[in-house]
Each structure stands twice: as C-alpha cells, then as structure tokens.
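Structure first, commentary second.
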Amino acid sequence: MRQRLTFLLAFALTIPLSAASKLDVPAVAYRHRTLANGMEVYSVRDNSIPRVAIQVWYRVGSKNDPPHRSGFAHLFEHIMFKSTKHMPSEFFDRLTEDVGGENNATTRDDSTNYYEVIPSNYLETLLWAEGERLASLTVDDAAFKSERDVVKEEYRFRILAPPYGRLYYSLDKDSWQVHPYKRPGIGSIEDLDAATIADVKKFHSTFYRPDNAVIVVAGDFDDAQLDGWIDKYLGTIARPKAPIPRVTVKEPIHKETKRFTEYGPNVPLPAAAMTWILPDARSADSAPLTVAAAILGLGESSRAYQSLVYRDKIANEVEIDADEREDAGLFIAFAVMSSNHKVSEGHKALRKEIDALATKPVTEAELTKAKNQLVANILRERETNNGTAFEIGQSVVVEHDAATVNKDIDKLEAVTPADVKRVVKKYLIEGKPTLIDYESKAEGGAK
Amino acid sequence: MRKLAIALLLVFLAAVAALSAFAEQTTPPPPGPPRPLNIPTPTDKTLANGLRVIVIPKSGVPLVAARLLVKTGGEADPADKAGLADMTASLLTKGTTTKSAEEIARGVEALGASIESGAGWDNSYVAISSLANNFGEAMTYVADVARNPVFAKDEVDRLREQNVDALRVALKDPAQLARFVASRVVFGGGPYGHNLGGTPKSLEGIKSEDAAAFHAKWYRPDNAIFVVAGTITPDAAMAIAEKSFGDWKASGEMPPRAGEGAGATQKPRVVVIDMPDAGQAAVMVTRRGLARTDPAYITSQVANAVLGGGYSSRLNEEIRIKRGLSYGAGSSFDFRREAGPFFATAQTKNESAGEVASIINEQLSSMTSTSVAESELTPRKAVLLGNFGRALETEAGLVSRVGALALYGLPLGDLSHYISDVQGVTAAQVKEFATGHFPDESVVIVGDVKKFGDEFKKRFPNAEIIPLAQLDLDSPTLRKP
C-alpha cells in the first residue's frame, strides 16, 4: 500500500517517494545536561513563535502515597501552587495566567509533572519560581485545609458525579493484587481528611529534591542564556544526602481469573471491564501491545468497535488501552453496554476479539492502518512546545531514556503480525484477567 | 504575514521591577522585552459555484486540518424533530453512494487521518485532520461524505439507538442535565430551547427521509465555507478545494434562513431537578447572552474574563480558591448567530449548592455595581490574549478561529486587531456592559435535594423543584403533563 511505503521511507529520513507525498518528520533535537546537584535538564529550541514551555517532572507519583494516605501525592501537587519563602499563594498564576500564559500539573502513578506555557520573555522569571517551590515551599494551615476541600470536590467531580466515575476508580483497585498501583491516585475522603501539614513537609523533603527532578524547556530561548538561568536558579539548590525511597514491590503473575462487581447509583447502562497485567514500559513487548490495542479499539474501523458497537450493537462504547507504566502496565478493555444487553455479553464479546487476535495473524493492511493512526497521534502531540516537552519528560521518567522519544516511531514501524499474535497470546490469553461488572444500585441499597 | 507586538502588561512589569529592588534571589527576575507575535494572513477566495475557500499556511509538524462548514445547523431543526441537523451531519460518514460506513472509517484511518462530522447551532460540519503528505487523499473522503451521503435506513436506526442510549447516560450526569434544562429555562419553546442532540422522544420521529431532505436543502456550495490550515501552500490547498468541490452544484435559489433561534425573552426562574444520589450538585446561573456579531462582543469577552474566564477569575477565586467549595467555577458566553446563552457554573457537594448559587449571583451583581480596577482588568485581558496566542499555535485552533469569523460574515482582518481591540476596552465599558447583560438571571441546579438543607429554601423560596422522574425536556414547563 502506498501509505505504508511512504511511512517507511519517511522515517528512514525523508527520502521523497515523489515530490507530492514526501512526509518530513524531523527528529526531536534535544540537548541534555546533568547539573552538579543531580537535576537533569533537557531543552529543545524552536524560535518560530515567542513562547516557551517549561515542564518539571518529579519521580514521585501516586504509587508513593504514604500508608493510609491514598491520594496524598495528588493533594501535594495542589499544595505546590501555594506559598514559598518568597512567593505568596497562587503567585504562579500571577506569573503565567496574568501575562497571557498558563500552568497546570498532573499526578500520575509514577510521576508528577508541573508545566508553564508563557511568553518567552518570562522564561527567567518562571525558572526562578520553579526553583522557589522546589527549595522553599511553605504552607499554612488555612491554605492546606482549603485546598484539601478542593481536592475532595475534585474526587466528587471525577468519581461520584459522572455515571461511570466509580468504574474508572475501580479499575486499578480491583486489578492489582499487591503493587501500590492498587490505591486510587485521587484517594478517598477518609485518607484525605487524615492528611496533615506534617505529612506535607515530610513528603516535600523526601521526594522534591534536585536529584529526583527532570526539567524540560521547549520553545523560544537562547541556549547560553537558558543554561545560565538554570545554573543560577536550579543548580544552586542543595542535594540532600538521604537516599530517595523507591517502590520495589513486584506484582506477581496472577494465577487465577478474578471477578468483581462494582456499583454506582445513577448508571443507566451497565458496563463490562477486563484488565490484564503487562510488562513495564521499557519492555520490547510494549510496542506490539500498543499496536494490538489500536487494532482492537482505536477508531471506528477497529475490530471491537466494528463488532460490539457497529455490527452486533451490544455496546454503545468500547475502549481498549495498553497503559504503559514504570513498574508494570495494565491492558484495559471495557464496554458500556447498549440498552437491554448484559455485562456478560460484553465480557464474552471482548474475549472473542482478543482470542481472534491470538489465533489468526493480522493482515498487513490492518497492521499498517494501526501504525499510521499511532504515528499520527504522536505527531499531533508534537504540534506544541508543551506536547514535545511532555513527551521528553515521559520518556525520561517512565522509560528511563530520553532517546526513546526518537525511537518510538521506529519501534512501532518494526512490529510484525507475528509480534502482535505472540504478545496477545502471552499476556492476554495465558495471562489471567480481572473481570469487573459495573451495575446500577441506589445508595444504601443492599450490597 | 503581518507582525503585531503584544505589549504585555506594563502595569505588571512595573510592579515586578519595583519588587526587584531587593536582593536578587528573593524576588522574581523581571521579564525581558516582549517579542512580537506573528498573526497569519489567510488566503480567501470563492469558487465559481459559490463555495468560499480560506487557507492559513503554518510551518512546523507535517499536519493539515480542514473543515467544511455548512452555514445551517440546529437552529433549523423543526420543532418536533429536535436533533435533526446533528443526526444528518453525523450520518454523513455512515455511507455514500459508493462506500459503506466501514469502508469510510477504514479508508480514513488507514491514512492516519481522523474524520468527524456533526452540527452546532449555526453550522453543520465535516472536519478532517491528516498527515500533510496524504491530505489530498483524505479529502476525497470529505468531499464524498459531504456530497453523496445515502442515509440508509439501518444506519439511521443504528445511530438513533446509539444517541438515545448516550442521552440516557447524559441525563444521569448532573452537569450535562443542567445544560439541557438551562436551554429550556432561557429560551422556552424557541429553537435554542431544545437540545441540539435531541431527546429520546424527538429522535424517535427522525427518519431517513428527514435527514435526506435536510441535506438536500442546506448542503450546497453557496451555503458553505471550506477552511484549511497547516503545512500546505495556498496554491496546493486551493487546487485540492477545486478538485473536491469545484463541480459541486447548487440546485435552485438558496432557501431563506430558518426562523429566529433565540425566540421571545423568558421570565427568570429558579429550577431545581432532584436527582437522588447525585454525587455532586451542578449549579448554573444562566440568561440570554448576545450574538457573535453584536458590537459588544469584545467587551463581553473582557467582562467575562473578569467574572469567570480562567483560573484567577472572580468566580473561581471566591468559590474554589477562598472557600474550597468546588474543583472549578467559571462562566462563558455561547455566541451564536442570534443571542445564545450565558452560563456561570460550578459543581459542588450537595450540601453547599445553595451557598454556591448565592455566591455566583453576588458576583454577577458586583460586576454591575462597581468598576473593575485597572490592576485587575489588565491581567484579565492578558488571559484572552494568551488564549488567542495559543489558538494560533495549532492548526485546529486556526481553523476554529478563522472559521468562526467566516461563518458569521465577519472580516478575517479582525484577527489582526483582536489584540488591540481587547486592550482598548475600558473599565467603564465593562461596567456598562454588565449593567445591561447581567441582571435577571435564572438559576438551574441538578442535585440530591434532600441534602441541600433548610437554608436552601430561605435563599431560594421560589424554587421550582422537579423530581427527575417528572422532567420533560420537550416542554418549556419542564414538567410531564
């Protein structure tokens, strides 16, 4: 097929197939330094527009929540926008939103990333501010309690209010047996209520240190000036002597299939979910698993959409995802059933599609389609400085190698029909799934 | 390309510079001189058949986004067929005279492209996002689905069932349901009062022939605009537009536009939908806003940025930052061909629904009684300018901004003076605008009423409390007979 040829040639470095169909995908040209205090610095210069993105990644996520403090890493992320020694609360908004920029942060299982997208003349100001909250976060009791209330509202907003919020909440809780990925990153009202300012101070000193941080700057700057500012505002922060605690728990191979039933009070259509434990993100099997998930569930021509939603009309929505993580991944398949269709039909149909992938090799055309979709998604991510910076941060922290940012596309292109068949058999057929039935039940109803 | 400098926040610069008089490490380093932002100049031509084609080239990642906008949407839905425009547009990709729904999905996705069709209030659209090298091939699908859809009966039935199921889910989500209810409260029985996607009842009445007739009447080149942005030259994009749509013929005279969207002004109401076990209450304060072409458009955006646009707006400051009552509060105008709605919203625990509604009302009133200080106005304007700058960074953002100007017949040159227009708005204009546009609002709350507490009745003695089981979105009264 023409498109496949175009891709293979394009990624072998823009050899034009014909003048009209050449696709020029430049590598992400990043520069890397490690500061004396252990902080890693990546930068990608692009002076085409006068804006710049800063991403600061810390190697701490929900899996590092202290005992009986589920949700703490995320609550802490909110506190990082409060006061520091030289900045009042919400001062990051004064330096970003008030000058036409934006900021936000996300807590994931393995990491927490903070970002600012700003007019480039504010780069030095924001590097100083990032240094401030890394070196000298201060927080008072009133601000802590008020922000904790905000996080409790976030819990209600994400989990309790939407009809399928409790299902998303249950996926990790039910799928993992021992790994701390088990604990929901948003936490619980009880654990959030138990958190104290002392916890905040301890968490900051334990994990927020230069040798546990990666900064990525992408956009409009001058290399020498950037290096000077980073040395001045971030390179001078002391590196503590204590070792950084790491999660070393290994999820065992699941020996049997487990089944859970979860309930929500306002669930008009039941849902069926299945999950399997996958290898970590650095595994050579990651790319074929990503392709397998795309063949099954990416777009309306995918197999699960075609069979469950379009042809058999038993489901109104399907979602298939190979969620890559630092310690071990999770393959997630779920279907929101159509009216008058049962959860058991959903499990059976999802299973059937997975079985088919393990027994019959996919066609070249289907494989190429999935690869083209995945590569296009990577390119869409790179459209903004912030997207590029995010990709580098993710590569460094979760995949332990910035260079993967320029290898991902090649790895996807190298996947063969035999690879797809092999990984589906290994992880989804021989691996034991967790099954979740999600049903409606009024609160206070017998359970 | 024209160049314009964003003169960023002189007031703020001065404040930072003053702070910097202290020892260096303890104060934020002041910003350097701002660099100018490039505002693109679109190429704008009309084909012989009346189709307007607009191209905005952009360098960077090899992607192209395009959108065919038909200048008719849900405002033209017949009163008993709410959701017809949306059904019609969604069905375009479900089969043409030469390709099945599956062939279209497979063909587009094999190119690494994605296609989407749907309807807004004022337009129906087909959008494509594609790798630059196969944009031409991706466009053959766009042209085919826009021009040759067949609206097969089994596809209409399938989509109707899917939409009815999706509505059943939406009706159990407090935030989505509050929006549906607010449309009826603000616009009553007028066209904007119905749900754009229809209701389970109205969807039952929509047949294949209805969609085919809607398509035949409104999808014509002299009622459409084609907008392209990305790594493509104007000449190449024009050639693709000519190849895709050049031989598309309009038959007969363009029919007159469907009637008024906004309809008669409704009396303010306080409507509470009781959803037992709702995980949170969705609180919405709403009223009629203004048309996109209203001369007060820019002023309304500045006023909204102060009130509820962005993180540090007054609503989020009062509700989230000061009181911890919500994950986020904000407001927006939904600009349409005629005056669309204005919404101020927050989700909060059921127990604080009344308090949050009162805070929103107080903040709206304070916009009418007190002038906004310059020290607040300047950073709030920067929020708008920041959004504008970020929209220009992506081809989807460019298509959206430029497409909206074209849809409402506004000059594309508005792009080049948006920044100075925003900067020119005064505090007095904001106050005058608020005085005219912020009183007489309605309140809509969806939540678990038994948790609202006695205080709620004292705050809103006139509240109409409608149990979810009694709700009828097809009726302006919102109650089943």
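Following the order of the structure tokens, first chain is A, next is B, and so on, with residues numbered from 1 inside each chain and ligands from 1 in the order they appear.
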Exercise. Pick out the residues sitting within 10 Å of Ala195 (chain A), and hand them over as a PyMOL selection string; count only C-alpha atoms, and ignore anything fewer than 5 positions along from it in its own chain.
Key: chain A and resi 66+68-72+75+144-145+148+190+200
Rows by chain and residue number, region 321-426 of chain A within 10 Å of region 165-177 of chain B, shortest pair, only C-alpha atoms, as JSON lines:
```
{"residue": "A:Val336", "atom": "CA", "partner": "B:Asp165", "partner_atom": "CA", "distance": 9.9}
{"residue": "A:Met337", "atom": "CA", "partner": "B:Asp165", "partner_atom": "CA", "distance": 9.2}
{"residue": "A:Ser338", "atom": "CA", "partner": "B:Asp165", "partner_atom": "CA", "distance": 6.6}
{"residue": "A:Ser339", "atom": "CA", "partner": "B:Asp165", "partner_atom": "CA", "distance": 6.7}
```
Serialized selection, C-alpha atoms, as a tab-separated table (two decimals), in the first residue's frame:
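Written out: result-v7.tsv:
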```
chain	number	residue	atom	x	y	z
A	336	VAL	CA	-20.60	0.36	28.09
A	337	MET	CA	-23.48	-1.92	27.12
A	338	SER	CA	-26.43	-0.90	24.94
A	339	SER	CA	-29.97	-0.93	26.30
```
Exercise. Apply DSSP to the structure's backbone, then extract all residues of region 128-243 of chain B labelled helix (DSSP H, G or I) and return them as an NGL selection string.
Key: :B and (132-147 or 153-170 or 174-187 or 191-193 or 200-204 or 208-218 or 221-223 or 234-243)
For chain A against chain B, with a cut-off of 6 Å and counting only C-alpha atoms, what is the closest atom pair and its distance in Å to one decimal for every residue that makes the cut, ordered by chain and number, as a tab-separated table?
```
residue	atom	partner	partner_atom	distance
A:Ser21	CA	B:Asn133	CA	4.6
A:Lys22	CA	B:Asn133	CA	5.9
A:Leu23	CA	B:Asn133	CA	5.4
A:Pro50	CA	B:Arg35	CA	5.8
A:His86	CA	B:Thr26	CA	5.7
A:Glu97	CA	B:Val383	CA	5.8
A:Asp98	CA	B:Pro379	CA	4.3
A:Val99	CA	B:Ala382	CA	5.4
A:Gly100	CA	B:Gly386	CA	3.8
A:Gly101	CA	B:Gly386	CA	5.6
A:Asn121	CA	B:Gly32	CA	4.7
A:Tyr122	CA	B:Pro31	CA	4.8
A:Thr125	CA	B:Pro29	CA	4.9
A:Ser146	CA	B:Gly324	CA	4.9
A:Asp149	CA	B:Gly324	CA	5.0
A:Val150	CA	B:Gly324	CA	4.7
A:Glu153	CA	B:Ser326	CA	5.4
A:Glu154	CA	B:Tyr327	CA	5.1
A:Leu160	CA	B:Gly279	CA	4.4
A:Ala161	CA	B:Gly279	CA	4.1
A:Pro162	CA	B:Asp173	CA	5.4
A:Asn266	CA	B:Lys172	CA	5.9
A:Pro268	CA	B:Val169	CA	5.8
A:Glu300	CA	B:Ala105	CA	5.8
A:Ser301	CA	B:Arg106	CA	5.0
A:Lys369	CA	B:Ala110	CA	4.0
A:Asn372	CA	B:Gly112	CA	4.4
A:Gln373	CA	B:Gly112	CA	4.1
A:Ala376	CA	B:Gly112	CA	5.5
A:Glu383	CA	B:Val61	CA	5.8
```
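Coordinates place CA of His400 (chain A) at a distance of 21.8 Å from CA of Asn377 (chain A).
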Practice problem: For region 227-243 of chain A, please output as a ChimeraX atom specification all residues within 6 Å (counting only C-alpha atoms; exclusion window: fewer than 6 positions along the same chain). | Solution: /A:37,128,131
Practice problem: Using backbone DSSP assignments, extract all strand (DSSP E or B) residues from region 322-363 of chain B; output them as a list in words. | Solution: Ala329, Gly330, Ser331, Ser332, Phe333, Arg336, Pro341, Phe342, Phe343, Ala344, Thr345, Ala346, Gln347 and Thr348 of chain B
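Ranking A:Gly431, A:Pro26, A:Pro119, A:Gly329 by their shortest atom-to-atom distance to Glu256 (chain A), with only C-alpha atoms included, puts A:Gly431 first.
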Self-check item: Straight-line distance linking CA of Glu204 (chain B) with CA of Arg184 (chain B), stated in Å to one decimal
Solution: 20.1 Å
Quiz item: From the set B:Thr43, B:Asn316, B:Ser124, B:Ser352, which residue has the shortest atom-to-atom contact distance to Phe452 (chain B), counting only C-alpha atoms?
Solution: B:Ser352
Quiz item: Which one of B:Asp448, B:Asp222, B:Asp86, B:Asp44 sits closest to Val70 (chain B) if you count only C-alpha atoms?
Solution: B:Asp222
Report as a short mmCIF file (atom, residue, chain, number, x, y, z; two decimals) with N, CA and C atoms, in the first residue's frame all protein, DNA and RNA residues lying within 10 Å of region 435-438 of chain A, evaluated on only C-alpha atoms, omitting residues in the same chain fewer than 2 positions from it.
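Ended up saving to part16.cif:
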```cif
data_model
loop_
_atom_site.label_atom_id
_atom_site.label_comp_id
_atom_site.auth_asym_id
_atom_site.auth_seq_id
_atom_site.Cartn_x
_atom_site.Cartn_y
_atom_site.Cartn_z
N TYR A 164 -20.01 6.93 35.12
CA TYR A 164 -19.01 5.85 35.08
C TYR A 164 -17.75 6.17 35.90
N ARG A 166 -17.17 5.78 39.09
CA ARG A 166 -16.80 4.72 40.03
C ARG A 166 -16.18 3.53 39.30
N LEU A 167 -16.52 3.33 38.04
CA LEU A 167 -15.90 2.24 37.28
C LEU A 167 -14.41 2.54 37.05
N SER A 170 -12.47 1.96 40.04
CA SER A 170 -12.30 0.56 40.45
C SER A 170 -11.26 -0.18 39.62
N LEU A 171 -10.92 0.32 38.43
CA LEU A 171 -10.04 -0.45 37.55
C LEU A 171 -8.74 -0.83 38.25
N ASP A 174 -9.21 -3.00 41.68
CA ASP A 174 -9.52 -4.41 41.53
C ASP A 174 -8.44 -5.19 40.77
N SER A 175 -7.68 -4.49 39.92
CA SER A 175 -6.76 -5.21 39.03
C SER A 175 -5.45 -5.62 39.67
N THR A 257 -8.24 -16.09 37.39
CA THR A 257 -9.12 -15.01 36.97
C THR A 257 -9.93 -14.55 38.18
N LYS A 258 -10.01 -13.21 38.36
CA LYS A 258 -10.82 -12.69 39.47
C LYS A 258 -11.99 -11.91 38.90
N ARG A 259 -13.08 -11.91 39.65
CA ARG A 259 -14.26 -11.20 39.17
C ARG A 259 -14.83 -10.33 40.28
N PHE A 260 -15.10 -9.08 39.95
CA PHE A 260 -15.65 -8.12 40.92
C PHE A 260 -16.94 -7.53 40.37
N THR A 261 -17.84 -7.16 41.27
CA THR A 261 -19.00 -6.37 40.85
C THR A 261 -18.92 -5.04 41.57
N GLU A 262 -19.01 -3.96 40.81
CA GLU A 262 -18.98 -2.61 41.38
C GLU A 262 -20.30 -1.92 41.04
N TYR A 263 -20.67 -0.95 41.89
CA TYR A 263 -21.97 -0.30 41.70
C TYR A 263 -21.86 1.22 41.71
N GLY A 264 -22.77 1.85 40.99
CA GLY A 264 -22.95 3.29 41.10
C GLY A 264 -24.44 3.56 41.16
N VAL A 267 -26.47 4.80 37.12
CA VAL A 267 -25.82 4.13 35.99
C VAL A 267 -26.91 3.59 35.06
N LEU A 269 -26.77 2.45 31.99
CA LEU A 269 -26.39 1.30 31.18
C LEU A 269 -25.23 0.61 31.90
N PRO A 270 -25.29 -0.71 32.10
CA PRO A 270 -24.19 -1.37 32.79
C PRO A 270 -22.93 -1.40 31.91
N ALA A 271 -21.80 -1.73 32.51
CA ALA A 271 -20.55 -1.77 31.76
C ALA A 271 -19.75 -3.01 32.15
N ALA A 272 -18.97 -3.50 31.18
CA ALA A 272 -18.12 -4.67 31.38
C ALA A 272 -16.67 -4.25 31.21
N ALA A 273 -15.82 -4.58 32.19
CA ALA A 273 -14.40 -4.25 32.05
C ALA A 273 -13.56 -5.51 32.25
N MET A 274 -12.42 -5.57 31.53
CA MET A 274 -11.46 -6.66 31.71
C MET A 274 -10.07 -6.03 31.72
N THR A 275 -9.21 -6.51 32.60
CA THR A 275 -7.84 -5.99 32.63
C THR A 275 -6.84 -7.13 32.76
N TRP A 276 -5.64 -6.89 32.29
CA TRP A 276 -4.53 -7.86 32.40
C TRP A 276 -3.26 -7.10 32.78
N ALA A 333 -9.71 -3.26 28.77
CA ALA A 333 -10.75 -3.33 27.73
C ALA A 333 -12.08 -3.13 28.43
N PHE A 334 -12.85 -2.14 27.99
CA PHE A 334 -14.19 -2.07 28.57
C PHE A 334 -15.25 -1.62 27.58
N VAL A 336 -19.34 -0.07 27.48
CA VAL A 336 -20.60 0.36 28.09
C VAL A 336 -21.69 -0.29 27.24
N LYS A 342 -26.55 -7.40 28.41
CA LYS A 342 -25.97 -7.69 29.72
C LYS A 342 -24.45 -7.60 29.71
N VAL A 343 -23.92 -7.38 30.91
CA VAL A 343 -22.47 -7.29 31.09
C VAL A 343 -21.79 -8.58 30.60
N SER A 344 -22.42 -9.73 30.85
CA SER A 344 -21.79 -10.99 30.47
C SER A 344 -21.59 -11.07 28.95
N GLY A 346 -20.88 -8.52 27.13
CA GLY A 346 -19.73 -7.66 26.88
C GLY A 346 -18.42 -8.40 27.12
N HIS A 347 -18.33 -9.09 28.26
CA HIS A 347 -17.11 -9.84 28.56
C HIS A 347 -16.85 -10.88 27.48
N LYS A 432 -3.95 -14.14 33.31
CA LYS A 432 -5.31 -14.25 33.89
C LYS A 432 -5.91 -12.86 34.06
N PRO A 433 -7.08 -12.64 33.52
CA PRO A 433 -7.69 -11.30 33.61
C PRO A 433 -8.42 -11.05 34.92
N SER A 440 -25.97 -0.69 38.24
CA SER A 440 -26.65 0.39 38.95
C SER A 440 -27.23 -0.10 40.27
N LYS A 441 -27.03 0.66 41.30
CA LYS A 441 -27.71 0.37 42.57
C LYS A 441 -27.79 1.66 43.38
#
```
Exercise. Extract, using only C-alpha atoms, all DNA, RNA and protein residues at most 6 Å from region 358-375 of chain B, discarding same-chain residues fewer than 5 positions from it, and format them as number ranges by chain.
Key: B: 427, 431, 434-435
Give me, as a PDB file with C-alpha atoms, in the first residue's frame, all polymer residues having an atom no more than 6 Å from region 240-256 of chain B, counting only C-alpha atoms and skipping those fewer than 3 positions away in the same chain.
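Wrote out_25.pdb, looks like this:
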```
ATOM      1  CA  ALA B 143     -15.922  15.515  -0.448  1.00  0.00           C
ATOM      2  CA  ARG B 220     -24.891  23.382  -1.100  1.00  0.00           C
ATOM      3  CA  ALA B 237      -4.876  23.853  -0.861  1.00  0.00           C
TER       4      ALA B 237
END
```
Practice problem: Please provide the set of residues having any atom within 12 Å of Asp157 (chain B), restricted to only C-alpha atoms, with same-chain residues fewer than 3 positions apart removed, written as a PyMOL selection string. | Solution: (chain A and resi 310+313) or (chain B and resi 87+91+94+151-154+160-164+203-208)
